[in-house]
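I have placed the structure first, in the form of structure tokens, so that the comments after it can refer back to it.
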Amino acid sequence: MEFDLRPARDHGLEGADRLKSLSRERGLGSLILGRAWRTVLRGYMRAFHRLEVTGRENLPSPPFVIVANHSSHLDALTLSAVLRGEAARRAHSLAAGDTFFTSTLGSAFAAYAVNALPIWRKRTRPSEIATLRERLVQDRLVYILFPEGTRCRDGVMAGFQPGIGALVAGTEVPVVPCFLDGAFAAWPPTRKYPRPGKLRLTIGAPVRAQDLPSTRAGWEETAQRCEAAVRALAAR
Amino acid sequence: MIRQAAFDHPVTVAIVGATAGVLAFAGLVIGVMTLLGRGTPELRRELWLRTGSWCLLLPLMMGPVLLGREWVIGAVTLLGIACLREFDRATGLFREPLVTAIVVIGILAANFAALDHWYGFFVALWPLTVGVITIGTIPLDRPAGYVQRTALGILAYMLFGAGLAHLSFMTNEPGYRPILLMLLTTVALSDVAAFTFGKLIGGPKLCPATSPNKSISGALGALTVTTILVATLASFIFRGTPMAQPHWLILFGLMVGIGAQAGDLMLSSIKRDIGIKDMGTILPGHGGVLDRFNSLLLVAPAAFHFIQFFVGFGMGQPARLITGP
């Protein structure tokens with residue numbers, strides 16, 4: 001990668017605005033905090049959930065998008081803990097802004113430790129999707145995304161929203177499907193805190209969408225491909 | 001190490017008192033301007049913002065100096081890291097975390113050498129850190145961008161590590177307070193004087209492509225004020241030393257005045273090259289930390305070595321306070 005004499009994308013933003021910005025780029029401090037957070041997370045996953053991962057070899061080099069079923073707050077934590085090296089450093093969880101970015105302290109934790117980017121449900125602007133799509137390719141990022149849009153309340157996976165397609169349709173960025181088993185039992189939406197319980201993560205072969213147009217139809221087709229891939233992993 | 005009380009030197013008392021007085025007077029003048037409706041609302045707003053920031057900044061600058069050497073070294077270390085953060089985010093160096101990390105370690109080491117009063121290590125850190133920056137990213141086997149990231153890393157260490165840490169090393173001199181206060185306040189005053197003379201006199205621009213708002217009249221006015229003020233204060237501080245001769249004092253004043261404006265123009269060049277207006281947003285009315293402290297970057301090492309040549313810092317004081325036997 002050649003050196004780019006270019007300011008951070010979030011240059012000039014005030015502190016609080018920067019935390020919530022989709023243009024936020026990581027500096028040394030965030031990388032160190034993120035590393036510490038992942039170390040704690042891996043220890044927790046090992047000790048409390050005996051996390052078992054299969055298919056790690058399916059993870060490509062960045063950029064890519066990792067998608068999974070969503071039934072618990074443990075989902076994003078598990079996927080963050082599984083990534084290694086450059087992929088871990090470049091990973092952003094796309095998190096619900098109305099849940100994780102409502103206070104300055106919460107935003108600071110979500111931004112610096114988890115490296116989450118806020119998605120404002122039901123009011124995401126096309127320009128925000130365009131920013132995420134552009135950064136994914138240009139900055140060679142990794143997005144952790146749950147295309148169901150919210151945690152399922154009954155443990156049964158819902159259909160995928162077309163937002164994933166808006167990010168990758170027509171690009172060469174692969175989507176890595178994952179299925180996480182055990183998270184709903186360990187920490188369902190009805191519980192305030194998690195309880196110990198076995199977690200099994202299956203990582204599938206990447207799904208491609210470069211043959212699809214970046215139109216509504218292409219986005220929906222991408223979402224269907226991703227959903228089918230995750231359901232196939234669940235059925236194993 | 002000999003420690004003196006905060007207000008032992010009359011120049012310290014004079015500078016602190018004068019600073020408080022100037023701030024109060026500035027507030028009064030702008031208050032009267034506001035009441036009488038003089039000047040444009042934009043000008044008054046800018047003046048209020050700048051004065052307000054100074055009310056916060058000056059205690060933050062002077063407080064550590066009055067509290068003691070460890071406070072100064074801590075503050076200079078934080079200042080160096082804050083400057084580095086703004087610099088690396090503006091230039092894109094932050095995308096090279098290994099280089100940034102080496103520069104951070106260099107800043108910490110330079111200030112540690114000052115805290116330890118270990119001049120040999122302090123001087124050796126220059127080539128050593130540059131060497132580590134130079135070879136640090138070679139094992140990544142990524143030659144693309146090598147020259148840029150290495151050059152930016154060395155520049156960053158030179159300015160925010162080795163350069164600024166000279167302020168830290170000055171505290172090994174028991175009578176460091178008036179020297180540091182003189183540098184901090186006159187360098188700040190140089191900016192204010194350039195702004196004021198430029199507004200009052202106007203005229204041709206100094207370097208319009210580099211800094212469109214700076215005029216030759218502002219630069220000359222600021223240089224005159226800074227030189228006279230520094231020479232006068234230095235004559236009291238260095239009384240009875242080989243430096244206390246008019247030609248050396250005036251040369252010292254000129255050096256501080258030119259260094260302050262050169263630092264400002266250096267940062268303007270960086271900003272114009274990158275295409276940004278300010279280095280940050282943390283100080284209302286000023287921009288970033290670097291926008292405020294740029295004038296100090298070149299003055300710190302220049303003033304240190306000038307004084308070192310005639311007088312020295314920490315001569316006769318115990319050395320290697322931490323690492324020594």
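Following the order of the structure tokens, first chain is A, next is B, and so on, with residues numbered from 1 inside each chain and ligands from 1 in the order they appear.
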Determine, counting only C-alpha atoms, which protein, DNA and RNA residues have an atom within 10 Å of an atom of Asp10 in chain A; residues of the same chain fewer than 2 positions away are not included. Present the result as a ChimeraX atom specification.
-> /A:7-8,12-15,17-19,21-26 /B:89-90
Export all heavy atoms of the chosen residues as a CSV table (one decimal), in the first residue's frame?
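That gives us part_24.csv:
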chain,number,residue,atom,x,y,z
A,7,PRO,N,-5.5,13.5,5.1
A,7,PRO,CA,-6.0,13.6,6.5
A,7,PRO,C,-7.0,12.4,6.8
A,7,PRO,O,-7.5,11.9,5.9
A,7,PRO,CB,-6.7,14.9,6.6
A,7,PRO,CG,-6.3,15.7,5.4
A,7,PRO,CD,-5.9,14.7,4.4
A,8,ALA,N,-7.2,12.2,8.1
A,8,ALA,CA,-8.2,11.2,8.5
A,8,ALA,C,-9.5,11.6,7.9
A,8,ALA,O,-9.8,12.8,7.8
A,8,ALA,CB,-8.2,11.1,10.0
A,12,GLY,N,-11.4,17.2,11.6
A,12,GLY,CA,-12.2,18.4,11.7
A,12,GLY,C,-13.5,18.2,12.5
A,12,GLY,O,-14.2,19.2,12.8
A,13,LEU,N,-13.8,17.0,12.8
A,13,LEU,CA,-15.0,16.7,13.6
A,13,LEU,C,-14.7,16.9,15.0
A,13,LEU,O,-13.7,16.6,15.5
A,13,LEU,CB,-15.5,15.3,13.3
A,13,LEU,CG,-16.1,14.9,12.0
A,13,LEU,CD1,-16.5,13.5,11.9
A,13,LEU,CD2,-17.3,15.8,11.6
A,14,GLU,N,-15.7,17.5,15.8
A,14,GLU,CA,-15.6,17.6,17.2
A,14,GLU,C,-15.7,16.2,17.8
A,14,GLU,O,-16.2,15.3,17.2
A,14,GLU,CB,-16.8,18.4,17.7
A,14,GLU,CG,-17.0,19.8,17.1
A,14,GLU,CD,-16.1,20.8,17.8
A,14,GLU,OE1,-15.5,20.5,18.9
A,14,GLU,OE2,-15.9,22.0,17.3
A,15,GLY,N,-15.2,16.1,19.0
A,15,GLY,CA,-15.0,14.8,19.7
A,15,GLY,C,-16.3,13.9,19.7
A,15,GLY,O,-16.2,12.8,19.2
A,17,ASP,N,-19.0,14.2,17.9
A,17,ASP,CA,-19.5,13.9,16.5
A,17,ASP,C,-18.6,12.8,15.9
A,17,ASP,O,-19.0,12.0,15.1
A,17,ASP,CB,-19.4,15.2,15.6
A,17,ASP,CG,-20.4,16.2,16.1
A,17,ASP,OD1,-21.4,15.8,16.7
A,17,ASP,OD2,-20.2,17.4,15.8
A,18,ARG,N,-17.3,12.9,16.2
A,18,ARG,CA,-16.4,11.9,15.7
A,18,ARG,C,-16.7,10.5,16.1
A,18,ARG,O,-16.6,9.5,15.3
A,18,ARG,CB,-14.9,12.3,16.1
A,18,ARG,CG,-13.9,11.4,15.5
A,18,ARG,CD,-12.5,11.8,15.9
A,18,ARG,NE,-11.6,10.7,15.5
A,18,ARG,CZ,-11.2,9.7,16.2
A,18,ARG,NH1,-11.6,9.6,17.4
A,18,ARG,NH2,-10.5,8.7,15.7
A,19,LEU,N,-17.1,10.3,17.4
A,19,LEU,CA,-17.4,9.0,17.9
A,19,LEU,C,-18.6,8.4,17.1
A,19,LEU,O,-18.6,7.2,16.9
A,19,LEU,CB,-17.8,9.1,19.4
A,19,LEU,CG,-16.8,9.5,20.4
A,19,LEU,CD1,-17.4,9.6,21.8
A,19,LEU,CD2,-15.6,8.5,20.4
A,21,SER,N,-19.4,9.1,14.0
A,21,SER,CA,-19.2,9.3,12.5
A,21,SER,C,-18.9,8.0,11.8
A,21,SER,O,-18.1,7.2,12.3
A,21,SER,CB,-18.1,10.3,12.3
A,21,SER,OG,-17.7,10.3,10.9
A,22,LEU,N,-19.5,7.8,10.7
A,22,LEU,CA,-19.2,6.6,9.9
A,22,LEU,C,-17.8,6.8,9.2
A,22,LEU,O,-17.3,5.9,8.6
A,22,LEU,CB,-20.2,6.5,8.8
A,22,LEU,CG,-21.6,6.1,9.3
A,22,LEU,CD1,-22.6,6.0,8.1
A,22,LEU,CD2,-21.6,4.8,10.0
A,23,SER,N,-17.2,8.0,9.3
A,23,SER,CA,-15.9,8.3,8.7
A,23,SER,C,-14.8,8.1,9.7
A,23,SER,O,-13.7,8.3,9.4
A,23,SER,CB,-15.9,9.7,8.1
A,23,SER,OG,-16.8,9.8,7.1
A,24,ARG,N,-15.1,7.6,10.9
A,24,ARG,CA,-14.1,7.5,11.9
A,24,ARG,C,-13.0,6.5,11.5
A,24,ARG,O,-13.3,5.4,11.1
A,24,ARG,CB,-14.7,7.1,13.3
A,24,ARG,CG,-13.8,6.9,14.4
A,24,ARG,CD,-14.4,6.8,15.7
A,24,ARG,NE,-15.7,6.2,15.7
A,24,ARG,CZ,-16.0,4.9,15.7
A,24,ARG,NH1,-15.0,4.0,15.7
A,24,ARG,NH2,-17.2,4.4,15.7
A,25,GLU,N,-11.8,7.0,11.6
A,25,GLU,CA,-10.6,6.1,11.3
A,25,GLU,C,-9.9,5.8,12.6
A,25,GLU,O,-9.7,6.7,13.4
A,25,GLU,CB,-9.7,6.7,10.2
A,25,GLU,CG,-10.3,6.7,8.8
A,25,GLU,CD,-9.3,7.0,7.8
A,25,GLU,OE1,-8.5,6.1,7.5
A,25,GLU,OE2,-9.3,8.1,7.3
A,26,ARG,N,-9.3,4.6,12.7
A,26,ARG,CA,-8.6,4.3,13.9
A,26,ARG,C,-7.2,4.8,14.0
A,26,ARG,O,-6.5,4.8,13.0
A,26,ARG,CB,-8.5,2.7,14.1
A,26,ARG,CG,-9.7,2.0,14.1
A,26,ARG,CD,-9.5,0.5,14.4
A,26,ARG,NE,-9.7,0.3,15.8
A,26,ARG,CZ,-9.8,-0.9,16.4
A,26,ARG,NH1,-9.6,-2.0,15.6
A,26,ARG,NH2,-10.0,-1.1,17.7
B,89,ARG,N,-2.8,12.5,12.3
B,89,ARG,CA,-4.2,12.4,11.7
B,89,ARG,C,-4.3,13.3,10.5
B,89,ARG,O,-5.1,13.1,9.6
B,89,ARG,CB,-5.3,12.6,12.8
B,89,ARG,CG,-5.3,11.5,13.8
B,89,ARG,CD,-6.6,11.5,14.6
B,89,ARG,NE,-7.7,10.9,13.8
B,89,ARG,CZ,-7.9,9.7,13.6
B,89,ARG,NH1,-7.1,8.7,14.1
B,89,ARG,NH2,-9.0,9.3,12.9
B,90,ALA,N,-3.5,14.4,10.6
B,90,ALA,CA,-3.6,15.4,9.4
B,90,ALA,C,-2.8,14.9,8.2
B,90,ALA,O,-3.2,15.1,7.1
B,90,ALA,CB,-3.1,16.7,9.9
Contact residues around Glu173 in chain B with only C-alpha atoms at 12 Å, ignoring same-chain residues under 5 positions, as a VMD selection string | chain B and resid 1 to 4 68 to 69 114 to 115 117 166 to 168 178 to 180 304 307 to 308 311 to 319
Please produce a file of the residues just selected, as a compact mmCIF listing (two decimals), in the first residue's frame, where the atoms kept are N, CA, C and O atoms.
# COMPACT_ATOMS: atom_id res chain seq x y z
N MET B 1 18.73 17.42 44.10
CA MET B 1 18.61 18.59 43.21
C MET B 1 18.01 19.76 43.97
O MET B 1 17.03 19.59 44.70
N ILE B 2 18.63 20.92 43.79
CA ILE B 2 18.14 22.12 44.48
C ILE B 2 16.78 22.50 43.92
O ILE B 2 16.57 22.51 42.70
N ARG B 3 15.84 22.78 44.82
CA ARG B 3 14.52 23.22 44.38
C ARG B 3 14.24 24.61 44.92
O ARG B 3 14.48 24.87 46.11
N GLN B 4 13.76 25.47 44.06
CA GLN B 4 13.43 26.82 44.50
C GLN B 4 11.91 26.94 44.62
O GLN B 4 11.16 26.21 43.97
N GLY B 68 6.30 22.63 39.61
CA GLY B 68 7.57 21.92 39.78
C GLY B 68 8.02 21.20 38.53
O GLY B 68 7.27 21.09 37.56
N ARG B 69 9.26 20.71 38.55
CA ARG B 69 9.87 20.16 37.33
C ARG B 69 9.14 18.91 36.83
O ARG B 69 8.96 18.73 35.63
N ALA B 114 15.12 13.69 30.28
CA ALA B 114 15.09 14.99 30.96
C ALA B 114 14.78 14.80 32.44
O ALA B 114 15.42 15.43 33.30
N LEU B 115 13.82 13.92 32.73
CA LEU B 115 13.45 13.67 34.13
C LEU B 115 14.63 13.08 34.91
O LEU B 115 14.84 13.38 36.08
N HIS B 117 17.66 13.65 34.24
CA HIS B 117 18.81 14.57 34.12
C HIS B 117 20.02 13.80 33.57
O HIS B 117 21.11 13.78 34.16
N HIS B 166 13.28 19.67 24.97
CA HIS B 166 14.25 20.65 25.48
C HIS B 166 13.63 21.50 26.59
O HIS B 166 14.33 21.93 27.51
N LEU B 167 12.31 21.72 26.48
CA LEU B 167 11.63 22.45 27.57
C LEU B 167 11.71 21.65 28.85
O LEU B 167 11.92 22.20 29.94
N SER B 168 11.54 20.33 28.72
CA SER B 168 11.62 19.46 29.90
C SER B 168 13.02 19.51 30.50
O SER B 168 13.19 19.59 31.71
N PRO B 178 11.57 31.26 35.58
CA PRO B 178 11.49 32.49 34.76
C PRO B 178 11.87 32.24 33.30
O PRO B 178 11.31 32.88 32.40
N ILE B 179 12.79 31.31 33.05
CA ILE B 179 13.20 31.04 31.66
C ILE B 179 12.02 30.46 30.88
O ILE B 179 11.66 30.92 29.79
N LEU B 180 11.38 29.44 31.46
CA LEU B 180 10.26 28.81 30.77
C LEU B 180 9.08 29.77 30.61
O LEU B 180 8.46 29.84 29.54
N PHE B 304 17.22 26.66 24.08
CA PHE B 304 17.99 25.78 24.98
C PHE B 304 19.47 25.84 24.65
O PHE B 304 20.31 26.05 25.54
N ILE B 307 21.18 29.25 25.41
CA ILE B 307 21.45 29.44 26.85
C ILE B 307 22.52 28.44 27.31
O ILE B 307 23.40 28.78 28.10
N GLN B 308 22.44 27.23 26.79
CA GLN B 308 23.41 26.19 27.15
C GLN B 308 24.83 26.65 26.82
O GLN B 308 25.77 26.39 27.56
N VAL B 311 25.46 29.65 29.55
CA VAL B 311 25.19 29.44 30.97
C VAL B 311 25.13 27.96 31.34
O VAL B 311 25.69 27.55 32.35
N GLY B 312 24.42 27.18 30.53
CA GLY B 312 24.23 25.76 30.84
C GLY B 312 22.97 25.52 31.65
O GLY B 312 22.43 26.44 32.28
N PHE B 313 22.51 24.27 31.62
CA PHE B 313 21.33 23.90 32.40
C PHE B 313 21.71 22.80 33.39
O PHE B 313 22.31 21.80 33.01
N GLY B 314 21.36 23.02 34.63
CA GLY B 314 21.60 22.00 35.66
C GLY B 314 23.06 21.75 35.94
O GLY B 314 23.41 20.67 36.41
N MET B 315 23.89 22.76 35.68
CA MET B 315 25.32 22.59 35.96
C MET B 315 25.51 22.48 37.48
O MET B 315 24.98 23.27 38.25
N GLY B 316 26.23 21.46 37.89
CA GLY B 316 26.47 21.27 39.32
C GLY B 316 25.37 20.53 40.04
O GLY B 316 25.48 20.22 41.22
N GLN B 317 24.28 20.26 39.31
CA GLN B 317 23.18 19.50 39.91
C GLN B 317 23.42 18.00 39.71
O GLN B 317 24.07 17.61 38.73
N PRO B 318 22.93 17.15 40.62
CA PRO B 318 23.13 15.71 40.45
C PRO B 318 22.50 15.21 39.16
O PRO B 318 21.40 15.64 38.80
N ALA B 319 23.22 14.32 38.47
CA ALA B 319 22.73 13.78 37.19
C ALA B 319 22.26 12.33 37.38
O ALA B 319 22.52 11.72 38.42
Residues within 12 Å of Ile237 in chain B, only C-alpha atoms, excluding chain neighbours under 5 positions, as a PyMOL selection string | chain B and resi 8-12+14-15+175-183+230-232+242-244+249+307+311
Every residue of range 31-215 of chain B that DSSP places in alpha helix (DSSP H), as an MDAnalysis selection string | chainID B and resid 31:36 41:67 69:91 97:116 119:136 146:156 165:170 176:201
Do you know which residues are at most 8 Å from range 206-212 of chain A counting only C-alpha atoms, after dropping those on the same chain fewer than 3 positions away, and could you put them as number ranges by chain?
-> A: 58-60, 165, 168-177, 218-219, 221-222, 225-226, 229
Would you export the selected residues with C-alpha atoms as a PDB file, in the first residue's frame, please?
ATOM      1  CA  ASN A  58     -12.776 -19.513   5.030  1.00  0.00           C
ATOM      2  CA  LEU A  59     -11.876 -16.045   6.262  1.00  0.00           C
ATOM      3  CA  PRO A  60     -10.278 -14.128   3.370  1.00  0.00           C
ATOM      4  CA  GLY A 165     -26.615  -5.961  -0.774  1.00  0.00           C
ATOM      5  CA  VAL A 168     -21.429  -5.295  -1.617  1.00  0.00           C
ATOM      6  CA  ALA A 169     -23.587  -5.851  -4.734  1.00  0.00           C
ATOM      7  CA  GLY A 170     -21.494  -5.206  -7.830  1.00  0.00           C
ATOM      8  CA  THR A 171     -18.197  -5.241  -5.924  1.00  0.00           C
ATOM      9  CA  GLU A 172     -15.608  -7.960  -5.501  1.00  0.00           C
ATOM     10  CA  VAL A 173     -15.917  -7.794  -1.733  1.00  0.00           C
ATOM     11  CA  PRO A 174     -16.794 -11.274  -0.423  1.00  0.00           C
ATOM     12  CA  VAL A 175     -19.419 -11.917   2.237  1.00  0.00           C
ATOM     13  CA  VAL A 176     -18.491 -14.564   4.795  1.00  0.00           C
ATOM     14  CA  PRO A 177     -21.566 -16.357   6.174  1.00  0.00           C
ATOM     15  CA  GLY A 218     -29.464  -6.761  -6.763  1.00  0.00           C
ATOM     16  CA  TRP A 219     -29.465  -5.937  -3.063  1.00  0.00           C
ATOM     17  CA  GLU A 221     -30.707 -11.070  -4.402  1.00  0.00           C
ATOM     18  CA  THR A 222     -27.490 -10.551  -2.411  1.00  0.00           C
ATOM     19  CA  ARG A 225     -27.737 -15.543  -1.226  1.00  0.00           C
ATOM     20  CA  CYS A 226     -26.302 -14.617   2.153  1.00  0.00           C
ATOM     21  CA  ALA A 229     -25.631 -19.583   2.979  1.00  0.00           C
TER      22      ALA A 229
END
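CA of Thr131 in chain A lies 20.0 Å from CA of Phe100 in chain A.
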Long-range neighbours of Arg50 in chain A as an MDAnalysis selection string, 9 Å cut-off, only C-alpha atoms, 4 positions minimum in chain | chainID A and resid 44:46 196:200
Exercise answer, chain B residues close to chain A, 9 Å and only C-alpha atoms, as a PyMOL selection string = chain B and resi 85+88-98+100-101+142-149+274-282
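Remark: for Thr190 in chain A, the closest of the candidate residues A:Ser30, A:Ser214, A:Ser71, A:Thr124 is A:Ser71 (distances computed over only C-alpha atoms).
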If you count only C-alpha atoms, which residues fall within 8 Å of Val103 in chain B, apart from same-chain ones fewer than 2 positions away, as a PyMOL selection string?
-> chain B and resi 99-101+105-107+129+133+153-154+156-157+161
Go ahead and save the picked residues with C-alpha atoms, as a PDB file, in the first residue's frame.
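Output below, filename again-v4.pdb:
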ATOM      1  CA  VAL B  99       5.898   4.339  13.003  1.00  0.00           C
ATOM      2  CA  THR B 100       3.512   6.264  15.251  1.00  0.00           C
ATOM      3  CA  ALA B 101       4.251   3.893  18.123  1.00  0.00           C
ATOM      4  CA  ILE B 105       8.202   5.769  22.560  1.00  0.00           C
ATOM      5  CA  GLY B 106      10.769   8.344  21.403  1.00  0.00           C
ATOM      6  CA  ILE B 107       8.752  11.170  22.985  1.00  0.00           C
ATOM      7  CA  THR B 129      15.212   7.196  17.548  1.00  0.00           C
ATOM      8  CA  ILE B 133      12.164   4.821  12.816  1.00  0.00           C
ATOM      9  CA  GLY B 153       8.006   9.824  11.481  1.00  0.00           C
ATOM     10  CA  ILE B 154      11.397  11.523  11.753  1.00  0.00           C
ATOM     11  CA  ALA B 156       7.268  14.169  14.006  1.00  0.00           C
ATOM     12  CA  TYR B 157       9.928  12.946  16.445  1.00  0.00           C
ATOM     13  CA  GLY B 161       9.876  14.580  20.853  1.00  0.00           C
TER      14      GLY B 161
END
Which residues come within 9 Å of range 126-129 of chain A, counting only C-alpha atoms, excluding same-chain residues fewer than 5 positions away, as a ChimeraX atom specification?
-> /A:22,119,134,163,166-167
Filtering to C-alpha atoms, could you give me those residues as an mmCIF file, in the first residue's frame?
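What follows is the written file selection31.cif:
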data_model
loop_
_atom_site.group_PDB
_atom_site.id
_atom_site.type_symbol
_atom_site.label_atom_id
_atom_site.label_comp_id
_atom_site.auth_asym_id
_atom_site.auth_seq_id
_atom_site.Cartn_x
_atom_site.Cartn_y
_atom_site.Cartn_z
ATOM 1 C CA LEU A 22 -19.173 6.646 9.864
ATOM 2 C CA ILE A 119 -26.425 2.328 11.988
ATOM 3 C CA GLU A 134 -16.833 3.381 -0.337
ATOM 4 C CA GLY A 163 -28.918 -3.605 3.356
ATOM 5 C CA ALA A 166 -26.329 -2.174 -0.766
ATOM 6 C CA LEU A 167 -22.830 -2.602 0.658
#
List every residue of range 46-215 of chain A that DSSP, applied to the backbone, labels as strand (DSSP E), and write the result as number ranges by chain.
-> A: 52-54, 64-68, 91-96, 116-119, 142-145, 175-181, 200-203
